[in-house]
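Participant: Okay, here's the structure, questions in a sec.
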Amino acid sequence: MKLLFVCIGNICRSPIAEGVMKKLCEDKGLKWEIDSAGTSGYHQGEAPHIDSIRVCKENGIDISEQKSRPLKRTDFTHYDFIFTLADDVHKSVLDYKPELTSAEITLFLDALYPGENKSVKDPWYGTSSDYEDVYEQIYTCCEAILSRLTEY
Ligand code: 4NP
């Protein structure tokens with residue numbers, strides 16, 4: 001199984017989702033391919049935001065080696081699932097989607113709140129403590145996604 005998490009900058013939200021999902025898969029002995037990307041290339045090559053690194057580290061997950069990269073067209077055929085962290089990201093991803101797409105594109109929080117069109121709040125515009133809430137929400141949602149995908 002190949003999963004891709006997408007936000008805007010690929011420095012705050014999706015790196016946490018990548019780190020958490022990798023850890024959950026590792027704990028279950030699943031050798032899945034997990035990655036993250038941004039709809040923008042503003043932060044290409046940069047490490048995750050210092051507070052994303054911090055909250056993950058506080059929870060035993062090291063994401064400091066991750067590097068931001070923009071979403072690319074080949075992602076749409078390479079990955080089985082593309083999870084968009086927010087509504088605006090979802091729209092950008094659908095706009096960018098090539099005709100040849102095999103990935104299932106879903107709003108990340110639909111796994112917890114189906115049909116409610118919920119977004120993970122962008123901590124980039126918040127404070128350092130917002131990252132704790134974002135981490136908790138992402139962790140709970142990754143667990144829900146993983147249990148759904150391993151039911152089959
Ligand atoms: P992210 O947060 O999408 O969770 O990585 C953002 C980071 C940077 C910007 C926007 C959102 N930016 O505009 O630079």
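By convention in this document, the chains of the structure tokens carry letters A, B, ... by their order, each chain's residues are numbered from 1, and ligands are numbered from 1 in the order they are shown.
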Neighbours of ligand 1 within 6 Å, counting only C-alpha atoms and all ligand atoms, as a count of residues only?
Facilitator: 10
Participant: Do a neighbour search on A:Phe108 at 8 Å with only C-alpha atoms, toss out local chain neighbours closer than 2 positions, and write the hits as a CSV table (one decimal) with N, CA and C atoms, in the first residue's frame.
Facilitator:
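Listed below is the output, part17.csv:
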chain,number,residue,atom,x,y,z
A,83,PHE,N,-4.2,11.7,0.7
A,83,PHE,CA,-5.0,12.3,1.7
A,83,PHE,C,-4.7,13.8,1.8
A,84,THR,N,-5.8,14.6,1.6
A,84,THR,CA,-5.6,16.0,1.7
A,84,THR,C,-5.9,16.5,3.1
A,85,LEU,N,-5.1,17.3,3.7
A,85,LEU,CA,-5.2,17.7,5.1
A,85,LEU,C,-6.3,18.8,5.3
A,86,ALA,N,-6.7,19.5,4.2
A,86,ALA,CA,-7.7,20.5,4.4
A,86,ALA,C,-8.5,20.7,3.1
A,106,THR,N,-8.8,11.6,-1.1
A,106,THR,CA,-9.8,11.8,0.0
A,106,THR,C,-9.4,12.8,1.0
A,110,ASP,N,-12.1,13.0,6.7
A,110,ASP,CA,-13.3,12.2,6.4
A,110,ASP,C,-13.3,10.8,7.1
A,111,ALA,N,-12.1,10.4,7.5
A,111,ALA,CA,-12.0,9.1,8.2
A,111,ALA,C,-12.6,9.2,9.6
A,119,SER,N,-11.3,20.3,8.1
A,119,SER,CA,-9.9,20.5,7.8
A,119,SER,C,-9.1,20.5,9.0
A,141,CYS,N,-6.6,10.4,13.6
A,141,CYS,CA,-7.1,10.2,12.3
A,141,CYS,C,-6.3,9.1,11.6
Participant: I'd like to know which residues of chain A are helix (DSSP H, G or I) (by DSSP, run on the backbone); could you write them as an MDAnalysis selection string?
Facilitator: chainID A and resid 13:28 50:58 75:78 87:96 108:111 123:125 130:149
Participant: Please dump the current selection as an mmCIF file, in the first residue's frame; keep C-alpha atoms.
Facilitator:
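result26.cif, freshly written:
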data_model
loop_
_atom_site.group_PDB
_atom_site.id
_atom_site.type_symbol
_atom_site.label_atom_id
_atom_site.label_comp_id
_atom_site.auth_asym_id
_atom_site.auth_seq_id
_atom_site.Cartn_x
_atom_site.Cartn_y
_atom_site.Cartn_z
ATOM 1 C CA ARG A 13 0.734 19.288 8.881
ATOM 2 C CA SER A 14 1.577 16.616 6.304
ATOM 3 C CA PRO A 15 5.067 15.919 7.729
ATOM 4 C CA ILE A 16 3.371 15.049 11.049
ATOM 5 C CA ALA A 17 0.926 12.760 9.217
ATOM 6 C CA GLU A 18 3.834 11.095 7.378
ATOM 7 C CA GLY A 19 5.776 10.574 10.613
ATOM 8 C CA VAL A 20 2.778 9.265 12.571
ATOM 9 C CA MET A 21 1.624 6.897 9.827
ATOM 10 C CA LYS A 22 5.157 5.539 9.353
ATOM 11 C CA LYS A 23 5.340 4.841 13.096
ATOM 12 C CA LEU A 24 1.907 3.159 13.196
ATOM 13 C CA CYS A 25 2.845 0.981 10.186
ATOM 14 C CA GLU A 26 6.208 0.117 11.727
ATOM 15 C CA ASP A 27 4.485 -0.900 14.981
ATOM 16 C CA LYS A 28 2.173 -3.211 13.015
ATOM 17 C CA ILE A 50 10.463 23.404 14.362
ATOM 18 C CA ASP A 51 7.190 22.879 16.289
ATOM 19 C CA SER A 52 6.170 19.941 14.071
ATOM 20 C CA ILE A 53 9.560 18.372 14.797
ATOM 21 C CA ARG A 54 9.094 19.128 18.517
ATOM 22 C CA VAL A 55 5.603 17.613 18.970
ATOM 23 C CA CYS A 56 6.625 14.513 17.069
ATOM 24 C CA LYS A 57 9.819 14.174 19.115
ATOM 25 C CA GLU A 58 7.792 14.522 22.337
ATOM 26 C CA ASP A 75 2.084 10.974 -7.565
ATOM 27 C CA PHE A 76 -1.423 10.474 -8.953
ATOM 28 C CA THR A 77 -0.534 7.101 -10.438
ATOM 29 C CA HIS A 78 2.165 6.049 -7.981
ATOM 30 C CA ASP A 87 -10.510 21.640 2.204
ATOM 31 C CA ASP A 88 -8.472 24.275 0.295
ATOM 32 C CA VAL A 89 -5.723 21.703 -0.276
ATOM 33 C CA HIS A 90 -8.334 19.219 -1.522
ATOM 34 C CA LYS A 91 -9.558 21.710 -4.116
ATOM 35 C CA SER A 92 -6.004 22.498 -5.301
ATOM 36 C CA VAL A 93 -5.198 18.804 -5.606
ATOM 37 C CA LEU A 94 -8.328 18.138 -7.672
ATOM 38 C CA ASP A 95 -7.507 21.128 -9.908
ATOM 39 C CA TYR A 96 -3.986 19.796 -10.472
ATOM 40 C CA PHE A 108 -7.973 13.278 5.504
ATOM 41 C CA LEU A 109 -10.507 14.018 8.276
ATOM 42 C CA ASP A 110 -13.287 12.185 6.411
ATOM 43 C CA ALA A 111 -11.975 9.086 8.204
ATOM 44 C CA PRO A 123 -0.822 25.876 12.642
ATOM 45 C CA TRP A 124 1.385 28.028 10.387
ATOM 46 C CA TYR A 125 -0.983 30.885 11.201
ATOM 47 C CA ASP A 130 -1.529 24.794 18.304
ATOM 48 C CA TYR A 131 0.861 22.082 17.161
ATOM 49 C CA GLU A 132 -0.123 19.862 20.113
ATOM 50 C CA ASP A 133 -3.799 19.888 19.036
ATOM 51 C CA VAL A 134 -2.823 19.309 15.421
ATOM 52 C CA TYR A 135 -0.655 16.347 16.441
ATOM 53 C CA GLU A 136 -3.478 14.750 18.499
ATOM 54 C CA GLN A 137 -5.999 15.184 15.699
ATOM 55 C CA ILE A 138 -3.615 13.798 13.095
ATOM 56 C CA TYR A 139 -2.671 10.837 15.310
ATOM 57 C CA THR A 140 -6.304 9.867 15.950
ATOM 58 C CA CYS A 141 -7.137 10.189 12.279
ATOM 59 C CA CYS A 142 -4.127 8.140 11.144
ATOM 60 C CA GLU A 143 -5.236 5.359 13.504
ATOM 61 C CA ALA A 144 -8.723 5.462 11.978
ATOM 62 C CA ILE A 145 -7.340 5.360 8.427
ATOM 63 C CA LEU A 146 -5.018 2.487 9.249
ATOM 64 C CA SER A 147 -7.726 0.415 10.884
ATOM 65 C CA ARG A 148 -9.988 1.033 7.880
ATOM 66 C CA LEU A 149 -7.268 0.045 5.381
#
Participant: Select, from A:Asp35, A:Ser40, A:His49, A:Ser64, the residue with the minimum atom-to-atom distance to A:Ser128, counting only C-alpha atoms.
Facilitator: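 For A:Ser128, the nearest of the given residues is A:His49.
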Participant: Excluding same-chain residues fewer than 6 positions from A:Gln44, what lies within 7 Å of it counting only C-alpha atoms, as a ChimeraX atom specification?
Facilitator: /A:68-70
Participant: In Å, rounded to a single decimal, give me how far atom CA of A:Gly45 is from atom CA of A:Leu30.
Facilitator: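 The value is 27.6 Å.
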Participant: For A:Ile34, which of A:Leu107, A:Met1, A:Leu112, A:Leu71 is the closest residue, counting only C-alpha atoms?
Facilitator: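 Among the listed residues, the smallest separation from A:Ile34 belongs to A:Met1.
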Participant: So which residues of stretch 27-105 of chain A fall under strand (DSSP E) by DSSP, listed as an MDAnalysis selection string?
Facilitator: chainID A and resid 33:38 81:84 104:105
Participant: Just N, CA and C atoms for this one: save the residues we selected as a PDB file, in the first residue's frame.
Facilitator:
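Listing of part_3.pdb after writing:
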ATOM      1  N   GLU A  33       4.531   2.144   1.803  1.00  0.00           N
ATOM      2  CA  GLU A  33       5.272   3.337   1.392  1.00  0.00           C
ATOM      3  C   GLU A  33       4.457   4.569   1.807  1.00  0.00           C
ATOM      4  N   ILE A  34       5.046   5.404   2.626  1.00  0.00           N
ATOM      5  CA  ILE A  34       4.357   6.588   3.154  1.00  0.00           C
ATOM      6  C   ILE A  34       5.193   7.819   2.816  1.00  0.00           C
ATOM      7  N   ASP A  35       4.543   8.851   2.274  1.00  0.00           N
ATOM      8  CA  ASP A  35       5.276  10.077   1.960  1.00  0.00           C
ATOM      9  C   ASP A  35       4.327  11.263   2.149  1.00  0.00           C
ATOM     10  N   SER A  36       4.860  12.474   2.023  1.00  0.00           N
ATOM     11  CA  SER A  36       4.026  13.672   2.093  1.00  0.00           C
ATOM     12  C   SER A  36       4.546  14.686   1.084  1.00  0.00           C
ATOM     13  N   ALA A  37       3.677  15.652   0.739  1.00  0.00           N
ATOM     14  CA  ALA A  37       4.031  16.665  -0.259  1.00  0.00           C
ATOM     15  C   ALA A  37       3.195  17.911  -0.002  1.00  0.00           C
ATOM     16  N   GLY A  38       3.559  18.995  -0.704  1.00  0.00           N
ATOM     17  CA  GLY A  38       2.820  20.245  -0.563  1.00  0.00           C
ATOM     18  C   GLY A  38       2.230  20.678  -1.902  1.00  0.00           C
ATOM     19  N   PHE A  81      -3.521   5.980  -2.309  1.00  0.00           N
ATOM     20  CA  PHE A  81      -4.374   6.986  -1.662  1.00  0.00           C
ATOM     21  C   PHE A  81      -3.624   8.294  -1.507  1.00  0.00           C
ATOM     22  N   ILE A  82      -4.306   9.399  -1.805  1.00  0.00           N
ATOM     23  CA  ILE A  82      -3.775  10.726  -1.524  1.00  0.00           C
ATOM     24  C   ILE A  82      -4.731  11.366  -0.518  1.00  0.00           C
ATOM     25  N   PHE A  83      -4.219  11.675   0.671  1.00  0.00           N
ATOM     26  CA  PHE A  83      -5.036  12.278   1.732  1.00  0.00           C
ATOM     27  C   PHE A  83      -4.739  13.765   1.813  1.00  0.00           C
ATOM     28  N   THR A  84      -5.766  14.575   1.632  1.00  0.00           N
ATOM     29  CA  THR A  84      -5.605  16.031   1.680  1.00  0.00           C
ATOM     30  C   THR A  84      -5.947  16.510   3.090  1.00  0.00           C
ATOM     31  N   GLU A 104      -6.852   7.139  -5.109  1.00  0.00           N
ATOM     32  CA  GLU A 104      -8.107   7.617  -4.530  1.00  0.00           C
ATOM     33  C   GLU A 104      -7.775   8.870  -3.713  1.00  0.00           C
ATOM     34  N   ILE A 105      -8.423   9.971  -4.029  1.00  0.00           N
ATOM     35  CA  ILE A 105      -8.113  11.245  -3.358  1.00  0.00           C
ATOM     36  C   ILE A 105      -9.202  11.532  -2.341  1.00  0.00           C
TER      37      ILE A 105
END
